[in-house]
Amino acid sequence: MSDTALQWQRIARPPEGGAVCFDLKVEMHLDHGGTIGLDEQGFAICFRGAFRAWRNRCPHAGSPLDWQPGRFFSEDGEQLLCHTHGARFDPLDGACLAGPCPRGLESLPLRECGDVLEVPLRLAQ
Ligand code: FES
């Protein structure tokens with residue numbers, strides 16, 4: 001995905017150890033032609049001073065990770081947690097650390113822009 005093809009939206013910077021959710025339109029191209037659009041969410045986090053953005057869709061069963069909006073971190077604040085079946089992910093690289101997930105989280109592009117972050121408005125698949 002090239003940066004120039006993306007449409008960006010601005011969101012607030014999450015606080016250290018916190019997250020900010022944002023709407024994400026996922027466009028899926030069908031085999032026989034045509035496109036369907038799904039309304040999903042992404043979330044941006046700040047972990048040890050680094051920002052990352054992830055699609056809010058667990059690679060295990062596809063559910064959102066947060067059981068309360070914006071709550072993604074484990075109790076100790078060291079991992080991201082899927083509240084459906086307990087999968088755990090590395091906050092910085094999205095790798096699955098424990099649980100039934102077959103792979104890690106799907107990362108989203110992110111740009112730091114002054115006091116805000118820029119994340120994609122749409123994701124094409
Ligand atoms: S849906 Fe996330 S662990 Fe099952």
# chains A, B, ... in the order shown; residues from 1 in each chain; ligands from 1
>>> closest_atom_pairs(of="segment 39-60 of chain A", to="segment 103-123 of chain A", cutoff="6 Å", atoms="only C-alpha atoms", output="Markdown table")
| residue | atom | partner | partner_atom | distance |
| --- | --- | --- | --- | --- |
| A:Ala53 | CA | A:Leu108 | CA | 5.2 |
| A:Trp54 | CA | A:Ser107 | CA | 4.5 |
| A:Arg55 | CA | A:Glu106 | CA | 5.6 |
>>> write_last_selection(atoms="N, CA, C and O atoms", output="PDB file, in the first residue's frame")
ATOM      1  N   ALA A  53      -0.386   1.485  14.870  1.00  0.00           N
ATOM      2  CA  ALA A  53      -1.812   1.407  14.545  1.00  0.00           C
ATOM      3  C   ALA A  53      -2.122  -0.011  14.079  1.00  0.00           C
ATOM      4  O   ALA A  53      -1.360  -0.615  13.312  1.00  0.00           O
ATOM      5  N   TRP A  54      -3.242  -0.534  14.564  1.00  0.00           N
ATOM      6  CA  TRP A  54      -3.660  -1.907  14.269  1.00  0.00           C
ATOM      7  C   TRP A  54      -5.113  -1.923  13.837  1.00  0.00           C
ATOM      8  O   TRP A  54      -5.919  -1.107  14.310  1.00  0.00           O
ATOM      9  N   ARG A  55      -5.447  -2.892  13.001  1.00  0.00           N
ATOM     10  CA  ARG A  55      -6.849  -3.143  12.681  1.00  0.00           C
ATOM     11  C   ARG A  55      -7.490  -3.805  13.899  1.00  0.00           C
ATOM     12  O   ARG A  55      -6.906  -4.738  14.470  1.00  0.00           O
TER      13      ARG A  55
END
>>> residues_near_ligand(ligand="ligand 1", cutoff="8 Å", atoms="only C-alpha atoms and all ligand atoms", output="ChimeraX atom specification")
/A:57-65,82-88,99-101
>>> residues_around(residues="Ala50 of chain A", least_positions_apart="3", cutoff="10 Å", atoms="only C-alpha atoms", output="PyMOL selection string")
chain A and resi 16-17+45-47+91-92
>>> write_last_selection(atoms="N, CA, C and O atoms", output="PDB file, in the first residue's frame")
ATOM      1  N   GLU A  16       0.593   7.480  26.773  1.00  0.00           N
ATOM      2  CA  GLU A  16       1.447   6.320  27.039  1.00  0.00           C
ATOM      3  C   GLU A  16       0.603   5.205  27.680  1.00  0.00           C
ATOM      4  O   GLU A  16      -0.133   5.455  28.645  1.00  0.00           O
ATOM      5  N   GLY A  17       0.680   4.001  27.090  1.00  0.00           N
ATOM      6  CA  GLY A  17      -0.074   2.869  27.621  1.00  0.00           C
ATOM      7  C   GLY A  17      -1.556   2.921  27.302  1.00  0.00           C
ATOM      8  O   GLY A  17      -2.335   2.141  27.840  1.00  0.00           O
ATOM      9  N   ILE A  45      -2.008   2.978  19.367  1.00  0.00           N
ATOM     10  CA  ILE A  45      -1.527   2.874  20.748  1.00  0.00           C
ATOM     11  C   ILE A  45      -0.208   3.619  20.889  1.00  0.00           C
ATOM     12  O   ILE A  45       0.480   3.893  19.901  1.00  0.00           O
ATOM     13  N   CYS A  46       0.098   3.915  22.134  1.00  0.00           N
ATOM     14  CA  CYS A  46       1.441   4.390  22.475  1.00  0.00           C
ATOM     15  C   CYS A  46       1.998   3.421  23.505  1.00  0.00           C
ATOM     16  O   CYS A  46       1.365   3.179  24.541  1.00  0.00           O
ATOM     17  N   PHE A  47       3.139   2.817  23.175  1.00  0.00           N
ATOM     18  CA  PHE A  47       3.765   1.845  24.082  1.00  0.00           C
ATOM     19  C   PHE A  47       5.245   2.161  24.155  1.00  0.00           C
ATOM     20  O   PHE A  47       5.940   2.137  23.139  1.00  0.00           O
ATOM     21  N   PRO A  91       2.663  -5.434  21.644  1.00  0.00           N
ATOM     22  CA  PRO A  91       2.161  -4.109  21.240  1.00  0.00           C
ATOM     23  C   PRO A  91       2.962  -3.461  20.111  1.00  0.00           C
ATOM     24  O   PRO A  91       2.414  -2.651  19.363  1.00  0.00           O
ATOM     25  N   LEU A  92       4.227  -3.811  19.976  1.00  0.00           N
ATOM     26  CA  LEU A  92       5.056  -3.122  18.985  1.00  0.00           C
ATOM     27  C   LEU A  92       5.097  -3.816  17.628  1.00  0.00           C
ATOM     28  O   LEU A  92       5.146  -3.143  16.596  1.00  0.00           O
TER      29      LEU A  92
END
>>> select_by_dssp(residues="segment 5-97 of chain A", states="strand (DSSP E)", output="ChimeraX atom specification")
/A:8-12,19-29,35-47,50-55,80-81,88-89,96-97
>>> residues_around(residues="Gln41 of chain A", least_positions_apart="6", cutoff="6 Å", atoms="only C-alpha atoms", output="mmCIF file with all heavy atoms, in the first residue's frame")
data_model
loop_
_atom_site.group_PDB
_atom_site.id
_atom_site.type_symbol
_atom_site.label_atom_id
_atom_site.label_comp_id
_atom_site.auth_asym_id
_atom_site.auth_seq_id
_atom_site.Cartn_x
_atom_site.Cartn_y
_atom_site.Cartn_z
ATOM 1 N N PHE A 22 -10.468 4.497 15.939
ATOM 2 C CA PHE A 22 -10.927 5.306 14.803
ATOM 3 C C PHE A 22 -11.690 4.420 13.829
ATOM 4 O O PHE A 22 -11.490 3.200 13.783
ATOM 5 C CB PHE A 22 -9.744 6.003 14.118
ATOM 6 C CG PHE A 22 -8.644 5.087 13.649
ATOM 7 C CD1 PHE A 22 -8.658 4.532 12.384
ATOM 8 C CD2 PHE A 22 -7.592 4.776 14.495
ATOM 9 C CE1 PHE A 22 -7.645 3.694 11.957
ATOM 10 C CE2 PHE A 22 -6.562 3.940 14.080
ATOM 11 C CZ PHE A 22 -6.588 3.400 12.807
ATOM 12 N N ASP A 23 -12.602 5.046 13.085
ATOM 13 C CA ASP A 23 -13.382 4.311 12.081
ATOM 14 C C ASP A 23 -12.499 3.973 10.896
ATOM 15 O O ASP A 23 -11.630 4.764 10.499
ATOM 16 C CB ASP A 23 -14.573 5.148 11.617
ATOM 17 C CG ASP A 23 -15.602 5.328 12.729
ATOM 18 O OD1 ASP A 23 -15.688 4.444 13.606
ATOM 19 O OD2 ASP A 23 -16.308 6.351 12.709
ATOM 20 N N LEU A 24 -12.736 2.815 10.320
ATOM 21 C CA LEU A 24 -11.947 2.334 9.193
ATOM 22 C C LEU A 24 -12.895 1.647 8.213
ATOM 23 O O LEU A 24 -13.594 0.695 8.586
ATOM 24 C CB LEU A 24 -10.890 1.339 9.691
ATOM 25 C CG LEU A 24 -9.955 0.737 8.666
ATOM 26 C CD1 LEU A 24 -8.997 1.800 8.129
ATOM 27 C CD2 LEU A 24 -9.161 -0.404 9.290
ATOM 28 N N ASN A 56 -8.666 -3.359 14.277
ATOM 29 C CA ASN A 56 -9.327 -3.917 15.461
ATOM 30 C C ASN A 56 -10.127 -5.156 15.065
ATOM 31 O O ASN A 56 -11.359 -5.177 15.115
ATOM 32 C CB ASN A 56 -10.226 -2.868 16.125
ATOM 33 C CG ASN A 56 -10.738 -3.324 17.465
ATOM 34 O OD1 ASN A 56 -10.338 -4.374 17.964
ATOM 35 N ND2 ASN A 56 -11.623 -2.537 18.043
#
>>> closest_residue(among="A:Gly94, A:Phe51, A:Trp67, A:Lys25", to="Gly37 of chain A", atoms="only C-alpha atoms")
A:Lys25
>>> residues_around(residues="segment 28-33 of chain A", least_positions_apart="5", cutoff="9 Å", atoms="only C-alpha atoms", output="number ranges by chain")
A: 38, 123-125
